[in-house]
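K.L.:
Enclosed is the structure file entry_32.cif (mmCIF, C-alpha atoms and all ligand atoms).
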```cif
data_start
loop_
_atom_site.label_atom_id
_atom_site.label_comp_id
_atom_site.auth_asym_id
_atom_site.auth_seq_id
_atom_site.Cartn_x
_atom_site.Cartn_y
_atom_site.Cartn_z
CA MET A 28 -4.15 31.20 8.59
CA LEU A 29 -0.45 31.56 9.37
CA ALA A 30 -0.73 29.02 12.21
CA PHE A 31 -2.47 26.57 9.87
CA VAL A 32 0.27 26.88 7.26
CA ALA A 33 3.03 26.58 9.90
CA HIS A 34 1.43 23.40 11.29
CA LEU A 35 1.01 22.04 7.78
CA VAL A 36 4.66 22.60 6.85
CA VAL A 37 6.08 21.21 10.12
CA LEU A 38 3.79 18.17 10.04
CA THR A 39 4.60 17.46 6.38
CA VAL A 40 8.33 17.46 7.20
CA LEU A 41 7.89 15.27 10.31
CA ILE A 42 5.70 12.74 8.46
CA TRP A 43 8.18 12.65 5.54
CA VAL A 44 11.09 11.94 7.92
CA ALA A 45 9.14 9.22 9.79
CA THR A 46 7.82 7.58 6.60
CA THR A 47 11.25 7.64 4.96
CA ALA A 48 12.83 6.09 8.07
CA LEU A 49 10.16 3.38 8.02
CA TYR A 50 10.69 2.86 4.28
CA PHE A 51 14.42 2.14 4.72
CA LEU A 52 14.06 0.20 7.98
CA GLY A 53 11.22 -1.97 6.63
CA GLY A 54 12.97 -2.37 3.28
CA PHE A 55 16.27 -3.62 4.66
CA VAL A 56 14.65 -5.87 7.31
CA ILE A 57 12.26 -7.54 4.84
CA LEU A 58 15.00 -7.88 2.22
CA ALA A 59 17.47 -9.42 4.68
CA TYR A 60 14.86 -11.99 5.74
CA ALA A 61 13.61 -12.68 2.21
CA ARG A 62 17.10 -13.30 0.78
CA ARG A 63 17.48 -16.20 3.20
CA HIS A 64 14.46 -17.83 1.50
CA PRO A 65 15.16 -17.69 -2.25
CA GLU A 66 12.63 -20.50 -2.82
CA ARG A 67 9.91 -18.03 -1.78
CA LYS A 68 10.66 -15.63 -4.63
CA ILE A 69 7.51 -15.19 -6.73
CA GLN A 70 9.02 -14.31 -10.13
CA GLN A 71 12.02 -16.60 -9.93
CA ARG A 72 13.80 -15.40 -13.08
CA ALA A 73 13.25 -11.67 -12.68
CA ASP A 74 15.74 -9.23 -11.17
CA GLY A 75 13.50 -6.50 -9.75
CA GLU A 76 16.30 -5.12 -7.62
CA ALA A 77 18.14 -3.86 -10.71
CA ARG A 78 15.93 -0.74 -10.50
CA ALA A 79 16.36 -0.21 -6.75
CA ARG A 80 18.28 3.06 -7.04
CA GLU A 81 15.68 4.70 -9.34
CA GLU A 82 12.82 3.41 -7.23
CA ILE A 83 14.30 4.72 -3.99
CA TRP A 84 14.88 8.15 -5.52
CA GLU A 85 11.32 8.33 -6.88
CA SER A 86 9.93 7.15 -3.55
CA LEU A 87 11.68 9.93 -1.62
CA ARG A 88 9.88 12.40 -3.90
CA SER A 89 6.44 10.78 -3.86
CA ILE A 90 6.51 10.45 -0.06
CA VAL A 91 6.46 14.28 -0.01
CA VAL A 92 2.97 14.17 -1.59
CA THR A 93 1.81 11.38 0.73
CA SER A 94 3.11 13.31 3.75
CA PHE A 95 1.48 16.54 2.58
CA CYS A 96 -1.94 14.87 2.14
CA MET A 97 -1.73 13.25 5.57
CA ALA A 98 -0.53 16.51 7.19
CA LEU A 99 -3.37 18.43 5.51
CA ALA A 100 -5.93 15.89 6.78
CA ILE A 101 -4.58 16.15 10.35
CA CYS A 102 -4.45 19.97 10.24
CA LEU A 103 -8.04 20.19 8.98
CA SER A 104 -9.06 18.03 11.92
CA LEU A 105 -6.91 19.93 14.48
CA PHE A 106 -8.27 23.30 13.32
CA GLY A 107 -11.88 22.11 13.27
CA LEU A 108 -12.26 22.64 9.51
CA THR A 109 -14.41 19.52 9.20
CA LEU A 110 -18.13 18.73 9.08
CA TRP A 111 -18.04 16.74 12.34
CA SER A 112 -16.04 16.76 15.58
CA PRO A 113 -13.60 13.82 15.67
CA MET A 114 -14.68 10.71 17.64
CA GLU A 115 -13.15 10.69 21.11
CA GLY A 116 -11.01 8.23 23.11
CA TRP A 117 -9.12 5.13 21.99
CA ILE A 118 -12.31 3.56 20.68
CA GLY A 119 -12.71 6.63 18.49
CA VAL A 120 -9.12 6.31 17.23
CA LEU A 121 -9.53 2.60 16.43
CA ALA A 122 -12.93 3.12 14.81
CA GLY A 123 -11.50 6.04 12.81
CA ALA A 124 -8.56 3.89 11.62
CA ALA A 125 -10.93 1.07 10.63
CA ILE A 126 -13.13 3.49 8.65
CA LEU A 127 -10.04 4.97 6.95
CA ILE A 128 -8.69 1.53 6.02
CA LEU A 129 -12.01 0.19 4.66
CA GLY A 130 -12.75 3.43 2.82
CA TYR A 131 -9.23 3.54 1.38
CA ASP A 132 -9.61 -0.01 0.08
CA PHE A 133 -12.63 1.11 -1.97
CA TRP A 134 -11.05 4.45 -2.99
CA PHE A 135 -7.77 2.83 -4.03
CA TYR A 136 -9.51 0.24 -6.21
CA TRP A 137 -11.42 2.85 -8.27
CA ALA A 138 -8.55 5.37 -8.41
CA HIS A 139 -6.27 2.55 -9.58
CA ARG A 140 -8.76 1.44 -12.27
CA LEU A 141 -9.01 5.05 -13.46
CA LEU A 142 -5.19 5.21 -13.61
CA HIS A 143 -5.27 2.25 -16.01
CA THR A 144 -7.53 4.08 -18.51
CA LYS A 145 -6.10 5.54 -21.72
CA ARG A 146 -6.32 9.12 -20.47
CA LEU A 147 -4.59 8.58 -17.14
CA ILE A 148 -2.21 5.69 -17.73
CA ARG A 149 0.65 8.11 -18.39
CA PHE A 150 0.56 9.10 -14.72
CA HIS A 151 0.83 5.45 -13.62
CA ARG A 152 3.48 4.16 -16.05
CA TRP A 153 6.39 4.82 -13.73
CA HIS A 154 5.02 2.50 -11.05
CA HIS A 155 4.67 -0.26 -13.66
CA ARG A 156 8.26 -0.02 -14.87
CA SER A 157 8.96 -2.67 -12.25
CA ARG A 158 7.44 -5.87 -13.59
CA ALA A 159 8.89 -7.73 -10.63
CA PRO A 160 8.29 -5.41 -7.65
CA THR A 161 10.57 -5.19 -4.62
CA VAL A 162 10.40 -3.58 -1.19
CA TRP A 163 11.50 -0.32 -2.85
CA SER A 164 8.57 -0.26 -5.33
CA THR A 165 5.67 0.59 -3.04
CA ASP A 166 6.20 4.39 -3.09
CA SER A 167 7.88 4.51 -6.48
CA GLN A 168 5.18 6.47 -8.28
CA GLY A 169 4.50 9.88 -9.79
CA PHE A 170 3.07 12.98 -8.09
CA VAL A 171 -0.33 12.88 -9.84
CA GLU A 172 -1.13 9.26 -9.01
CA THR A 173 0.08 9.71 -5.43
CA ALA A 174 -2.16 12.79 -5.06
CA MET A 175 -5.14 10.91 -6.57
CA ILE A 176 -4.73 8.00 -4.19
CA GLN A 177 -3.80 9.90 -1.04
CA SER A 178 -6.50 12.57 -1.45
CA TRP A 179 -8.79 10.03 0.22
CA LEU A 180 -7.27 11.17 3.55
CA VAL A 181 -8.24 14.82 2.97
CA LEU A 182 -11.76 13.87 1.88
CA ALA A 183 -12.18 11.58 4.90
CA ALA A 184 -10.93 14.31 7.27
CA VAL A 185 -13.54 16.77 6.00
CA LEU A 186 -16.51 14.40 5.66
CA LEU A 187 -16.03 11.92 8.53
CA PRO A 188 -15.36 12.26 12.30
CA ILE A 189 -11.82 10.86 12.11
CA PRO A 190 -9.44 11.69 15.02
CA PRO A 191 -5.89 12.82 14.04
CA LEU A 192 -4.25 9.71 15.56
CA ALA A 193 -6.31 7.46 13.31
CA PHE A 194 -4.44 8.91 10.32
CA VAL A 195 -1.17 7.80 11.92
CA LEU A 196 -2.45 4.22 12.39
CA HIS A 197 -3.71 4.17 8.81
CA ARG A 198 -0.34 5.38 7.46
CA LEU A 199 1.51 2.69 9.43
CA TYR A 200 -0.82 -0.03 8.19
CA ASP A 201 -0.75 1.23 4.61
CA HIS A 202 3.03 1.46 4.57
CA ILE A 203 3.71 -1.99 6.03
CA ASN A 204 1.05 -3.55 3.81
CA GLY A 205 2.51 -1.81 0.75
CA GLN A 206 6.08 -2.86 1.43
CA LEU A 207 5.14 -6.49 2.14
CA GLY A 208 2.79 -6.50 -0.85
CA HIS A 209 5.61 -5.41 -3.17
CA CYS A 210 8.46 -7.43 -1.63
CA GLY A 211 8.45 -10.10 -4.37
CA TYR A 212 8.61 -13.03 -1.91
CA GLU A 213 5.60 -14.96 -0.67
CA PHE A 214 5.36 -15.62 3.08
CA PHE A 215 1.62 -15.24 3.61
CA ALA A 216 -0.03 -17.72 1.23
CA SER A 217 -2.68 -19.53 3.26
CA ARG A 218 -6.37 -20.41 3.32
CA SER A 219 -7.03 -16.96 4.80
CA THR A 220 -5.64 -15.22 1.71
CA ARG A 221 -7.80 -16.91 -0.94
CA ALA A 222 -11.53 -17.42 -1.57
CA PRO A 223 -13.79 -17.18 0.30
CA SER A 224 -11.57 -14.93 2.46
CA PRO A 225 -11.26 -11.31 1.26
CA LEU A 226 -7.68 -11.04 2.60
CA VAL A 227 -4.74 -11.20 0.19
CA CYS A 228 -1.07 -12.17 0.19
CA THR A 229 1.94 -10.80 -1.73
CA THR A 230 1.09 -12.82 -4.88
CA TYR A 231 -2.02 -10.64 -5.34
CA HIS A 232 -0.24 -7.35 -6.15
CA ASP A 233 2.74 -9.18 -7.65
CA GLN A 234 0.33 -10.52 -10.29
CA HIS A 235 -0.80 -6.94 -10.94
CA HIS A 236 2.79 -5.95 -11.79
CA GLU A 237 3.48 -9.07 -13.84
CA LEU A 238 0.14 -9.44 -15.66
CA TYR A 239 -1.02 -5.80 -15.58
CA ASN A 240 -4.82 -5.53 -15.99
CA TRP A 241 -5.83 -7.59 -12.96
CA ASN A 242 -5.93 -7.20 -9.18
CA TYR A 243 -6.40 -3.43 -8.76
CA GLY A 244 -7.25 -3.59 -5.05
CA ASN A 245 -5.08 -2.92 -2.04
CA PHE A 246 -5.92 -4.36 1.37
CA THR A 247 -8.56 -6.86 0.23
CA SER A 248 -9.75 -8.61 -2.94
CA ILE A 249 -13.40 -7.60 -2.31
CA TRP A 250 -13.68 -4.99 -5.07
CA ASP A 251 -11.76 -7.09 -7.61
CA ARG A 252 -14.05 -10.04 -6.96
CA LEU A 253 -17.16 -7.85 -7.29
CA GLY A 254 -15.78 -5.98 -10.30
CA GLY A 255 -14.64 -9.12 -12.15
CA THR A 256 -11.01 -7.98 -12.20
CA LEU A 257 -9.43 -10.60 -9.96
CA HIS A 258 -6.92 -12.66 -11.96
CA PRO A 259 -8.61 -16.02 -12.74
CA ASP A 260 -5.57 -17.90 -11.41
CA TYR A 261 -5.12 -15.93 -8.17
CA ASP A 262 -6.86 -18.36 -5.79
CA ARG A 263 -5.15 -21.38 -7.40
CA ALA A 264 -1.76 -19.64 -7.32
CA VAL A 265 -2.15 -19.04 -3.57
CA ALA A 266 -3.13 -22.68 -3.00
CA ARG A 267 -0.06 -23.85 -4.98
CA ARG A 268 2.28 -21.64 -2.94
CA GLU A 269 0.65 -22.81 0.26
CA ASP A 270 1.24 -26.46 -0.69
CA HIS A 271 4.80 -25.68 -1.79
CA ALA A 272 5.55 -23.94 1.52
CA GLU A 273 4.14 -26.88 3.47
CA ALA A 274 6.20 -29.37 1.45
CA THR A 275 9.37 -27.31 1.95
CA GLU A 276 8.81 -27.14 5.69
CA LYS A 277 8.32 -30.91 5.90
CA THR A 278 11.51 -31.63 3.95
CA PRO A 279 14.43 -31.69 6.41
CA ALA A 280 17.28 -29.32 5.51
CA GLU A 281 20.33 -31.04 4.03
ZN ZN B 301 -1.48 -0.49 -11.78
ZN ZN B 302 2.52 -1.78 -7.13
#
```
Translate the structure of the given file into structure tokens.

P.N.:
Amino acid sequence: MLAFVAHLVVLTVLIWVATTALYFLGGFVILAYARRHPERKIQQRADGEARAREEIWESLRSIVVTSFCMALAICLSLFGLTLWSPMEGWIGVLAGAAILILGYDFWFYWAHRLLHTKRLIRFHRWHHRSRAPTVWSTDSQGFVETAMIQSWLVLAAVLLPIPPLAFVLHRLYDHINGQLGHCGYEFFASRSTRAPSPLVCTTYHDQHHELYNWNYGNFTSIWDRLGGTLHPDYDRAVARREDHAEATEKTPAE
């Protein structure tokens, strides 16, 4: 028991340090690049960065919950407190990460829809204080909503044969996707991010912050399309940005 708790505490601290480092590194790199392309800004008149200080502070706190959930999932796996033995080898790690990512996409969609109900919206309001999200917004959320969303990792660790390293790959993917998805600048609009493709670009979650009751998903638009919650203009908005980006590239710089 003592060994389990010691592992849990040490891992939580290590994951918090690594995630926080990634948060600042990713944030400054994306921001530096994005500022050189002001024409790519999605909500041109909004100043999302005005709330950067508050968002960073809240993120440092919510990453504690994210790190704890991930550490708990890994410890359960390391100590064999799961229904199945983890899959072995690199194939097992990659398969585990793929299962985590696909399962999280489904989990996130429904947890997010629940967070928009009358009873639970109070736990999600903080995240929506940024109508124009920035790189600092992705982890800017309360403890309860973070626990609701990240508890998927603990459930997956107990019920599925996920190797510990797969949780690391999932965290990396989730973090990078979250920071790019909140960055407020569109660099990924293309045919592969609109119908019939299930992939999404930054406009997808940006619309969620701007227009509120649409686009609840995370990695893909699958569940929004099936649930009728995809914003009716999403596919057209992506096509417009795609055309705009092409036109800008063809126009020689003055
Ligand atoms: Zn929301
Ligand atoms: Zn968001």

K.L.:
Residues at most 8 Å from ligand ZN 301 (chain B), using only C-alpha atoms and all ligand atoms? Could they come as a list in words?

P.N.:
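Listed by chain and ascending number, the contacts are His139, Arg140, Leu142, His143, His151, His154, His155, His235, His236, Tyr239, Asn240 and Tyr243 of chain A.
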
K.L.:
Write out as a PyMOL selection string the residues lying within 8 Å of Phe95 of chain A, counting all atoms listed in the file and excluding same-chain residues fewer than 6 positions away.

P.N.:
chain A and resi 35+38-39

K.L.:
For Phe170 of chain A, please output as a VMD selection string all residues within 7 Å (counting only C-alpha atoms; exclusion window: fewer than 3 positions along the same chain).

P.N.:
chain A and resid 89 92 173 to 174

K.L.:
Hey, which bits of chain A sit within 7 Å of ligand ZN 302 (chain B), and for each residue what's the closest pair of atoms and how far apart in Å (one decimal), counting all atoms listed in the file, rows by chain and increasing number, as JSON lines?

P.N.:
```
{"residue": "A:His154", "atom": "CA", "partner": "B:ZN302", "partner_atom": "ZN", "distance": 6.3}
{"residue": "A:Pro160", "atom": "CA", "partner": "B:ZN302", "partner_atom": "ZN", "distance": 6.8}
{"residue": "A:Ser164", "atom": "CA", "partner": "B:ZN302", "partner_atom": "ZN", "distance": 6.5}
{"residue": "A:Thr165", "atom": "CA", "partner": "B:ZN302", "partner_atom": "ZN", "distance": 5.7}
{"residue": "A:His209", "atom": "CA", "partner": "B:ZN302", "partner_atom": "ZN", "distance": 6.2}
{"residue": "A:His232", "atom": "CA", "partner": "B:ZN302", "partner_atom": "ZN", "distance": 6.3}
{"residue": "A:His236", "atom": "CA", "partner": "B:ZN302", "partner_atom": "ZN", "distance": 6.3}
```

K.L.:
Quote the spacing between atom CA of Arg78 of chain A and atom CA of Ser167 of chain A in Å to one decimal place.

P.N.:
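The value is 10.4 Å.
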
K.L.:
Within 12 Å of Arg62 of chain A, counting all atoms listed in the file, which residues show up once you throw out same-chain ones fewer than 6 positions away? Write them as a list in words, please.

P.N.:
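Near neighbours after the sequence-gap exclusion: Gly54, Phe55, Val56, Lys68, Glu76, Thr161, Val162, Cys210, Gly211, Tyr212 and Glu213 of chain A.
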
K.L.:
From the options A:Leu127, A:Asp251, A:Ala159, A:Trp241, which residue's atoms come nearest to Leu196 of chain A, counting only C-alpha atoms?

P.N.:
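Closest to Leu196 of chain A, using only C-alpha atoms: A:Leu127.
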
K.L.:
Using atom CA of Ala124 of chain A and atom CA of Tyr200 of chain A as the two end points, give the distance in Å to one decimal.

P.N.:
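Rounded to one decimal, the two atoms are 9.3 Å apart.
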
K.L.:
Rounded to one decimal in Å, what is the spacing between atom CA of Pro188 of chain A and atom CA of Leu110 of chain A?

P.N.:
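These two atoms are separated by 7.7 Å.
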
K.L.:
Restricting the calculation to all atoms listed in the file: of A:Leu182, A:Ala222, A:Ala33, A:Cys96, which residue gets closest to Ser248 of chain A?

P.N.:
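Distance minimum relative to Ser248 of chain A lands on A:Ala222.
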
K.L.:
My list of candidates is A:Val36, A:Leu58, A:Val265, A:Leu121. Which is closest to Pro191 of chain A when distances are computed with all atoms listed in the file?

P.N.:
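Selected residue with least distance to Pro191 of chain A: A:Leu121.
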
K.L.:
Some atoms are missing, so please complete segment 248-266 of chain A with N, CA and C atoms and return it as a short mmCIF file (atom, residue, chain, number, x, y, z; two decimals), keeping the file's coordinate frame.

P.N.:
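The file below, rebuild12.cif, is the result:
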```cif
data_model
loop_
_atom_site.label_atom_id
_atom_site.label_comp_id
_atom_site.auth_asym_id
_atom_site.auth_seq_id
_atom_site.Cartn_x
_atom_site.Cartn_y
_atom_site.Cartn_z
N SER A 248 -9.39 -8.30 -1.54
CA SER A 248 -9.75 -8.61 -2.94
C SER A 248 -11.24 -8.36 -3.19
N ILE A 249 -11.93 -7.76 -2.21
CA ILE A 249 -13.40 -7.60 -2.31
C ILE A 249 -13.81 -6.93 -3.61
N TRP A 250 -13.21 -5.78 -3.92
CA TRP A 250 -13.68 -4.99 -5.07
C TRP A 250 -13.27 -5.65 -6.39
N ASP A 251 -12.15 -6.34 -6.40
CA ASP A 251 -11.76 -7.09 -7.61
C ASP A 251 -12.73 -8.24 -7.85
N ARG A 252 -13.11 -8.91 -6.79
CA ARG A 252 -14.05 -10.04 -6.96
C ARG A 252 -15.40 -9.51 -7.45
N LEU A 253 -15.87 -8.40 -6.86
CA LEU A 253 -17.16 -7.85 -7.29
C LEU A 253 -17.08 -7.24 -8.69
N GLY A 254 -15.92 -6.65 -9.01
CA GLY A 254 -15.78 -5.98 -10.30
C GLY A 254 -15.31 -6.89 -11.42
N GLY A 255 -15.08 -8.17 -11.11
CA GLY A 255 -14.64 -9.12 -12.15
C GLY A 255 -13.21 -8.89 -12.61
N THR A 256 -12.38 -8.28 -11.78
CA THR A 256 -11.01 -7.98 -12.20
C THR A 256 -9.96 -8.78 -11.43
N LEU A 257 -10.41 -9.75 -10.65
CA LEU A 257 -9.43 -10.60 -9.96
C LEU A 257 -8.84 -11.58 -10.98
N HIS A 258 -7.53 -11.74 -10.99
CA HIS A 258 -6.92 -12.66 -11.96
C HIS A 258 -7.50 -14.07 -11.77
N PRO A 259 -7.93 -14.72 -12.87
CA PRO A 259 -8.61 -16.02 -12.74
C PRO A 259 -7.76 -17.07 -12.03
N ASP A 260 -6.44 -16.89 -12.03
CA ASP A 260 -5.57 -17.90 -11.41
C ASP A 260 -5.16 -17.54 -9.98
N TYR A 261 -5.63 -16.38 -9.49
CA TYR A 261 -5.12 -15.93 -8.17
C TYR A 261 -5.34 -16.97 -7.06
N ASP A 262 -6.58 -17.43 -6.90
CA ASP A 262 -6.86 -18.36 -5.79
C ASP A 262 -6.05 -19.66 -5.94
N ARG A 263 -5.93 -20.15 -7.18
CA ARG A 263 -5.15 -21.38 -7.40
C ARG A 263 -3.66 -21.14 -7.13
N ALA A 264 -3.18 -19.96 -7.54
CA ALA A 264 -1.76 -19.64 -7.32
C ALA A 264 -1.44 -19.61 -5.82
N VAL A 265 -2.37 -19.07 -5.02
CA VAL A 265 -2.15 -19.04 -3.57
C VAL A 265 -2.13 -20.47 -3.03
N ALA A 266 -3.07 -21.29 -3.47
CA ALA A 266 -3.13 -22.68 -3.00
C ALA A 266 -1.84 -23.42 -3.36
#
```
